[in-house]
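See below for input.txt, which holds compact mmCIF, C-alpha atoms and all ligand atoms.
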```txt
# COMPACT_ATOMS: atom_id res chain seq x y z
CA MET I 1 -11.64 12.77 0.67
CA HIS I 2 -9.91 14.67 -2.13
CA ILE I 3 -7.01 12.91 -3.83
CA THR I 4 -4.78 14.61 -6.39
CA THR I 5 -1.92 12.95 -8.19
CA VAL I 6 0.76 15.06 -9.80
CA CYS I 7 2.21 12.93 -12.58
CA LEU I 8 3.28 12.84 -16.21
CA HIS I 9 1.01 9.90 -17.07
CA PRO I 10 -2.45 10.68 -15.66
CA GLU I 11 -4.01 7.92 -17.77
CA MET I 12 -2.04 5.31 -15.82
CA VAL I 13 -3.64 6.46 -12.59
CA LEU I 14 -7.15 7.14 -13.89
CA ASP I 15 -7.30 3.87 -15.85
CA ALA I 16 -6.24 1.91 -12.77
CA PHE I 17 -9.47 2.94 -11.07
CA LYS I 18 -11.90 2.21 -13.89
CA GLY I 19 -13.05 -0.93 -12.11
CA GLY I 20 -12.75 -2.88 -8.91
CA VAL I 21 -13.62 -1.95 -5.37
CA CYS I 22 -11.86 1.41 -5.42
CA GLY I 23 -13.10 2.29 -8.90
CA ARG I 24 -16.66 1.73 -7.72
CA ALA I 25 -16.03 3.69 -4.53
CA LEU I 26 -14.68 6.63 -6.53
CA GLU I 27 -17.64 6.46 -8.87
CA ALA I 28 -19.98 6.47 -5.90
CA GLY I 29 -18.30 9.63 -4.59
CA VAL I 30 -16.61 8.08 -1.55
CA ALA I 31 -13.55 10.06 -2.68
CA SER I 32 -12.59 12.24 -5.62
CA LEU I 33 -9.53 11.64 -7.75
CA ARG I 34 -7.94 14.11 -10.14
CA CYS I 35 -4.56 14.42 -11.81
CA VAL I 36 -2.39 17.44 -12.45
CA ASN I 37 0.22 17.09 -15.20
CA PRO I 38 3.48 19.07 -14.87
CA ARG I 39 3.59 19.18 -18.66
CA ASP I 40 0.63 21.57 -18.59
CA PHE I 41 2.86 23.99 -16.65
CA ALA I 42 5.92 23.62 -18.87
CA ALA I 43 7.10 26.51 -21.03
CA GLY I 44 8.49 26.40 -24.55
CA PRO I 45 7.24 24.85 -27.76
CA HIS I 46 8.14 21.34 -26.63
CA ARG I 47 6.71 21.66 -23.12
CA SER I 48 9.78 19.94 -21.84
CA VAL I 49 9.62 18.67 -18.25
CA ASP I 50 13.06 17.11 -17.90
CA ASP I 51 16.70 17.96 -18.38
CA ARG I 52 20.14 16.39 -18.12
CA PRO I 53 21.52 15.94 -14.61
CA TYR I 54 24.06 18.48 -13.39
CA GLY I 55 27.33 16.67 -12.88
CA GLY I 56 26.65 14.23 -15.69
CA GLY I 57 25.50 10.66 -15.61
CA PRO I 58 22.79 8.66 -17.32
CA GLY I 59 19.16 9.58 -17.77
CA MET I 60 17.17 12.72 -17.19
CA VAL I 61 15.87 14.57 -14.14
CA LEU I 62 12.40 16.09 -13.71
CA SER I 63 12.89 19.86 -13.93
CA PRO I 64 11.90 21.81 -10.84
CA GLU I 65 9.82 24.66 -12.34
CA PRO I 66 6.95 22.79 -14.05
CA LEU I 67 6.82 20.30 -11.22
CA LEU I 68 6.70 23.02 -8.56
CA ALA I 69 3.94 24.84 -10.46
CA ALA I 70 1.93 21.61 -10.78
CA VAL I 71 2.38 20.69 -7.11
CA ARG I 72 1.40 24.18 -6.00
CA ALA I 73 -1.72 24.10 -8.18
CA ALA I 74 -2.59 20.71 -6.70
CA ARG I 75 -1.99 21.96 -3.16
CA ALA I 76 -4.11 25.05 -3.77
CA GLY I 77 -6.99 22.85 -4.92
CA ALA I 78 -6.68 20.40 -2.02
CA PRO I 79 -8.42 20.80 1.30
CA GLY I 80 -6.35 22.34 4.13
CA GLY I 81 -4.39 19.71 6.01
CA ALA I 82 -4.02 17.39 3.00
CA PRO I 83 -0.32 16.40 2.96
CA VAL I 84 1.81 16.66 -0.16
CA ILE I 85 3.52 13.29 -0.41
CA PHE I 86 6.39 12.64 -2.81
CA LEU I 87 6.71 9.00 -3.84
CA THR I 88 10.30 7.82 -3.88
CA PRO I 89 12.24 4.66 -3.06
CA GLN I 90 14.16 6.84 -0.62
CA GLY I 91 11.09 7.70 1.49
CA GLY I 92 9.75 6.19 4.69
CA ARG I 93 8.01 2.87 4.20
CA PHE I 94 4.30 3.12 3.36
CA THR I 95 2.39 0.99 5.85
CA GLN I 96 -1.17 0.04 6.70
CA ARG I 97 -0.91 2.39 9.68
CA ARG I 98 -0.07 5.32 7.38
CA ALA I 99 -2.91 4.25 5.07
CA ARG I 100 -5.31 4.39 8.04
CA GLU I 101 -4.04 7.82 9.08
CA LEU I 102 -4.44 9.15 5.53
CA ALA I 103 -7.92 7.63 5.28
CA ALA I 104 -8.90 9.58 8.40
CA GLY I 105 -7.75 12.86 6.85
CA PRO I 106 -9.29 15.26 4.33
CA GLY I 107 -7.18 14.14 1.37
CA MET I 108 -3.68 13.92 -0.06
CA VAL I 109 -1.57 15.14 -2.95
CA LEU I 110 0.65 12.38 -4.32
CA VAL I 111 3.64 13.40 -6.43
CA ALA I 112 5.00 10.81 -8.83
CA GLY I 113 8.52 11.07 -10.18
CA ARG I 114 9.93 9.70 -13.45
CA TYR I 115 13.35 9.24 -15.06
CA GLU I 116 16.22 9.50 -12.55
CA GLY I 117 13.92 11.32 -10.15
CA ILE I 118 12.98 14.86 -9.19
CA ASP I 119 15.25 17.90 -8.80
CA GLU I 120 16.01 17.90 -5.06
CA ARG I 121 15.07 21.54 -4.62
CA ALA I 122 11.46 20.79 -5.61
CA VAL I 123 11.41 18.09 -2.95
CA GLU I 124 12.85 20.45 -0.34
CA LEU I 125 10.38 23.20 -1.23
CA GLU I 126 7.14 21.23 -1.41
CA ALA I 127 7.34 17.75 0.12
CA ASP I 128 5.55 17.37 3.45
CA GLU I 129 6.55 13.74 3.43
CA GLU I 130 8.36 11.18 1.25
CA LEU I 131 6.95 7.67 1.01
CA SER I 132 8.31 4.46 -0.49
CA LEU I 133 6.45 1.30 -1.38
CA GLY I 134 9.48 -0.82 -0.56
CA ASP I 135 13.09 -1.55 -1.35
CA PHE I 136 12.77 -1.78 -5.12
CA VAL I 137 12.80 0.76 -7.94
CA LEU I 138 9.83 1.37 -10.21
CA SER I 139 10.24 3.24 -13.45
CA GLY I 140 7.72 5.85 -12.36
CA GLY I 141 5.73 6.98 -9.36
CA GLU I 142 2.30 6.49 -10.97
CA LEU I 143 2.09 2.84 -9.92
CA ALA I 144 3.24 3.78 -6.43
CA ALA I 145 0.52 6.46 -6.30
CA CYS I 146 -2.06 3.88 -7.41
CA ALA I 147 -0.99 1.54 -4.61
CA VAL I 148 -1.33 4.29 -2.00
CA ILE I 149 -4.70 5.44 -3.39
CA ASP I 150 -6.03 1.88 -3.41
CA ALA I 151 -4.85 1.15 0.13
CA VAL I 152 -6.43 4.38 1.41
CA VAL I 153 -9.69 4.45 -0.54
CA ARG I 154 -10.67 0.90 0.42
CA LEU I 155 -10.52 1.99 4.08
CA LEU I 156 -13.04 4.79 3.60
CA PRO I 157 -16.49 4.11 5.02
CA GLY I 158 -18.72 2.63 2.33
CA ALA I 159 -15.88 1.56 0.01
CA LEU I 160 -15.94 -2.13 0.84
CA GLY I 161 -19.13 -4.16 0.65
CA ASP I 162 -18.73 -4.94 4.35
CA ASP I 163 -16.64 -2.47 6.40
CA ARG I 164 -15.64 -5.36 8.70
CA SER I 165 -13.38 -6.67 5.90
CA ALA I 166 -10.87 -3.89 6.58
CA GLU I 167 -10.99 -4.55 10.32
CA GLU I 168 -10.13 -8.21 10.02
CA GLU I 169 -7.33 -8.25 7.47
CA SER I 170 -3.53 -8.35 7.68
CA PHE I 171 -1.92 -5.58 9.79
CA SER I 172 -5.27 -4.19 10.96
CA VAL I 173 -4.63 -5.53 14.47
CA GLY I 174 -0.89 -5.85 14.05
CA LEU I 175 -1.12 -9.47 12.86
CA LEU I 176 -1.18 -11.19 9.50
CA ASP I 177 -4.57 -12.40 8.35
CA PHE I 178 -5.67 -16.01 8.89
CA PRO I 179 -5.83 -18.34 5.84
CA GLN I 180 -9.07 -18.27 3.90
CA TYR I 181 -11.01 -21.17 2.37
CA THR I 182 -14.10 -21.47 0.23
CA ARG I 183 -15.99 -24.28 -1.51
CA PRO I 184 -15.37 -27.05 -2.41
CA ALA I 185 -14.54 -28.68 0.92
CA VAL I 186 -11.94 -30.95 -0.70
CA VAL I 187 -9.45 -29.93 -3.41
CA GLU I 188 -7.06 -32.60 -4.70
CA ASP I 189 -7.18 -34.48 -1.37
CA ARG I 190 -6.71 -31.30 0.64
CA GLU I 191 -9.55 -30.66 3.03
CA ALA I 192 -10.66 -27.27 4.26
CA PRO I 193 -10.22 -27.15 8.07
CA GLU I 194 -13.16 -28.95 9.66
CA VAL I 195 -13.75 -26.23 12.23
CA LEU I 196 -14.62 -23.75 9.47
CA LEU I 197 -17.45 -25.99 8.33
CA SER I 198 -18.71 -26.63 11.86
CA GLY I 199 -20.95 -23.58 12.15
CA ASP I 200 -19.51 -22.99 15.66
CA HIS I 201 -18.70 -19.27 15.48
CA GLU I 202 -16.73 -19.15 18.73
CA GLN I 203 -14.51 -22.04 17.61
CA VAL I 204 -14.03 -20.42 14.22
CA ARG I 205 -12.95 -17.15 15.89
CA THR I 206 -10.49 -19.03 18.13
CA TRP I 207 -9.05 -20.99 15.20
CA ARG I 208 -8.63 -17.84 13.15
CA LEU I 209 -6.88 -15.99 15.97
CA LYS I 210 -4.53 -18.94 16.44
CA GLN I 211 -3.68 -18.98 12.73
CA SER I 212 -3.15 -15.21 12.67
CA LEU I 213 -0.81 -15.39 15.64
CA GLY I 214 1.01 -18.42 14.24
CA ARG I 215 1.42 -17.03 10.75
CA THR I 216 2.73 -13.77 12.10
CA TRP I 217 5.21 -15.65 14.29
CA ALA I 218 6.32 -17.88 11.39
CA ARG I 219 6.42 -15.26 8.62
CA ARG I 220 6.84 -11.83 10.20
CA PRO I 221 8.09 -12.37 13.76
CA GLU I 222 9.11 -8.71 14.07
CA LEU I 223 5.42 -7.77 14.12
CA LEU I 224 5.04 -9.66 17.40
CA SER I 225 8.00 -8.07 19.15
CA GLY I 226 6.85 -5.34 21.47
CA ARG I 227 3.35 -6.76 21.50
CA ASP I 228 2.10 -8.14 24.81
CA LEU I 229 0.11 -11.30 24.20
CA ASP I 230 -2.59 -12.00 26.73
CA GLU I 231 -2.91 -15.44 28.32
CA ARG I 232 -5.27 -16.80 25.68
CA GLU I 233 -3.14 -15.50 22.79
CA SER I 234 0.03 -16.97 24.35
CA ARG I 235 -1.68 -20.34 24.75
CA LEU I 236 -2.96 -20.32 21.16
CA LEU I 237 0.46 -19.37 19.83
CA ALA I 238 2.12 -22.13 21.87
CA GLU I 239 -0.38 -24.63 20.41
CA PHE I 240 0.38 -23.39 16.90
CA GLN I 241 4.13 -23.64 17.51
CA ALA I 242 3.83 -27.21 18.79
CA GLU I 243 1.77 -28.23 15.73
CA TYR I 244 4.20 -26.36 13.48
CA ASP I 245 7.18 -28.28 14.93
CA ILE I 246 5.40 -31.57 14.28
CA LYS I 247 4.63 -30.53 10.69
CA ILE I 248 8.28 -29.59 10.05
CA ARG I 249 9.47 -32.90 11.56
CA ASP I 250 6.97 -34.87 9.44
CA ALA I 251 8.05 -33.00 6.29
CA LYS I 252 11.71 -33.83 7.04
CA ASP I 253 10.85 -37.51 7.65
CA ASP I 254 9.09 -37.64 4.26
CA GLN I 255 12.20 -36.42 2.42
CA PRO I 256 14.25 -39.15 0.68
CA HIS I 257 17.45 -39.89 2.66
C1 LIG N 1 13.41 5.26 -11.70
S1 LIG N 1 12.72 5.97 -10.27
C2 LIG N 1 14.03 6.98 -9.70
C3 LIG N 1 14.87 6.29 -8.69
C4 LIG N 1 16.00 7.18 -8.14
N1 LIG N 1 17.01 7.41 -9.12
C5 LIG N 1 16.61 6.46 -6.94
O1 LIG N 1 17.46 5.60 -7.16
O2 LIG N 1 16.20 6.76 -5.80
C6 LIG N 1 11.54 7.07 -10.91
C7 LIG N 1 10.38 7.38 -9.97
O3 LIG N 1 9.67 6.21 -9.67
C8 LIG N 1 9.06 6.33 -8.37
N2 LIG N 1 9.47 5.17 -7.57
C9 LIG N 1 10.35 4.22 -7.91
N3 LIG N 1 10.47 3.29 -6.97
C10 LIG N 1 9.61 3.63 -5.99
C11 LIG N 1 9.28 3.05 -4.73
N4 LIG N 1 9.86 1.94 -4.29
N5 LIG N 1 8.35 3.67 -3.99
C12 LIG N 1 7.77 4.80 -4.40
N6 LIG N 1 8.05 5.40 -5.58
C13 LIG N 1 8.96 4.83 -6.37
C14 LIG N 1 9.54 7.66 -7.79
O4 LIG N 1 8.51 8.61 -7.94
C15 LIG N 1 10.75 7.98 -8.63
O5 LIG N 1 10.99 9.36 -8.71
```
Representation of the structure as structure tokens:
Amino acid sequence: MHITTVCLHPEMVLDAFKGGVCGRALEAGVASLRCVNPRDFAAGPHRSVDDRPYGGGPGMVLSPEPLLAAVRAARAGAPGGAPVIFLTPQGGRFTQRRARELAAGPGMVLVAGRYEGIDERAVELEADEELSLGDFVLSGGELAACAVIDAVVRLLPGALGDDRSAEEESFSVGLLDFPQYTRPAVVEDREAPEVLLSGDHEQVRTWRLKQSLGRTWARRPELLSGRDLDERESRLLAEFQAEYDIKIRDAKDDQPH
């Protein structure tokens, strides 16, 4: 997979992948990462890449010409079929599903904005897609690009120590992940669930599925809507809900009146 980021601060992106799972994967050649800087395409002695917004108002806007030249250079160097994705809080929400789709493709060109954003004509001319990390505003698209790169690269075969990790985590099967525990068995009077120490793999699988279903229901119920639970899943969720009700009641009883 070939990844190119068009951004004014390449060091932010390249430094982010100097270590960790994705850094190691990139070093091992699971994917390539390069940056194209619009400043290298800017004319004039100051190589200016921004200008005041037409119509007035605070801040600066990324000028279209150097950005277009940088995006086109990045596109030309990317494999055919690699989408050019502009990162913006106004884009469609980036999801695990989109990460999986991108991981199955030949690459991507990620375009990071700065200042008040990018001249709209550059977006119209070159964006195949606009993606947002969520309903908040970052000061620049480099961090957003890093998040997308990380989410995609870790899905590539060989990136994670055990490829099953990506199959079992949150959103991979439309559910949140189950809670994780490690040694010691007791921490400040809190015990790790006994079943996890039992060595009974079938029971562990059942417990984990129940927790995944229950957590999704309790924390992100919209993920369950439109999903048909089979008989076993429905039973496990009902068990979780009953235990959850008891826990809530106990917590209320413990509160001072
Ligand atoms: C300060 S923001 C510009 C925000 C723009 N004025 C707006 O309100 O839509 C500068 C750059 O950060 C990036 N950015 C900020 N928030 C983002 C988000 N939630 N998702 C993706 N990119 C984001 C974009 O590349 C954007 O061009």
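Here CA of Arg52 (chain I) is placed at a distance of 21.6 Å from CA of Glu142 (chain I).
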task: Would you mind listing the residues within 6 Å of ligand LIG 1 (chain N), counting only C-alpha atoms and all ligand atoms, as a ChimeraX atom specification?
output: /I:87-90,112-118,132-141,144
query: Can you tell me, as JSON, numbers by chain, which residues sit within 8 Å of (-2.5, 6.2, -7.8) in the file's frame, using only C-alpha atoms?
result: {"I": [5, 13, 14, 16, 110, 142, 143, 144, 145, 146, 147, 148, 149, 150]}
query: Which value, in Å to one decimal, gives the distance between CA of Trp217 (chain I) and CA of Ile248 (chain I)?
result: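 Spanning CA of Trp217 (chain I) to CA of Ile248 (chain I) is a straight-line distance of 14.9 Å.
Relative to CA of Gly226 (chain I), CA of Phe171 (chain I) is found at 14.6 Å.
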message: Ranking I:Val36, I:Ala218, I:Leu67, I:Ala73 by minimum distance to Ser48 (chain I) and counting all atoms listed in the file, which one comes first?
response: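 Distance minimum relative to Ser48 (chain I) lands on I:Leu67.
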Polymer residues at most 12 Å from (-12.5, 14.2, 6.0) by all atoms listed in the file, as a ChimeraX atom specification: /I:1-3,30-32,78-82,101-108,156-157
- request: Name the closest residue to Arg183 (chain I) among the candidates I:Phe94, I:Ser165, I:Leu196, I:Glu126; distances are taken between atoms, counting all atoms listed in the file.
  value: I:Leu196
message: So that I can see what lies close to Cys22 (chain I), please list as an MDAnalysis selection string the residues with an atom at most 10 Å from it, counting all atoms listed in the file and leaving out residues fewer than 2 positions away in the same chain.
response: chainID I and resid 16:20 24:28 30:31 149:156 159:160
message: Report as a VMD selection string all protein, DNA and RNA residues lying within 10 Å of Ser172 (chain I), evaluated on all atoms listed in the file, omitting residues in the same chain fewer than 6 positions from it.
response: chain I and resid 96 to 97 100 165 to 166
message: I'd like to know which of I:Glu169, I:Gly91, I:Val61, I:Ala99 is closest to Glu120 (chain I), using only C-alpha atoms.
response: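 Among the listed residues, I:Val61 lies closest to Glu120 (chain I).
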task: Go through I:Pro193, I:Pro45, I:Pro38, I:Gly214 and flag the residue nearest Phe178 (chain I), using all atoms listed in the file for the distances.
output: I:Gly214
field: Nearest residue to Tyr244 (chain I) from the set I:Arg215, I:Val123, I:Leu229, I:Ser63 (distances using only C-alpha atoms)
entry: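 For Tyr244 (chain I), the nearest of the given residues is I:Arg215.
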Top pick for closest residue to Ala43 (chain I), considering I:Ser212, I:Glu124, I:Glu65, I:Ile85 and counting all atoms listed in the file: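 Checking each of I:Ser212, I:Glu124, I:Glu65, I:Ile85 against Ala43 (chain I), counting all atoms listed in the file, the winner is I:Glu65.
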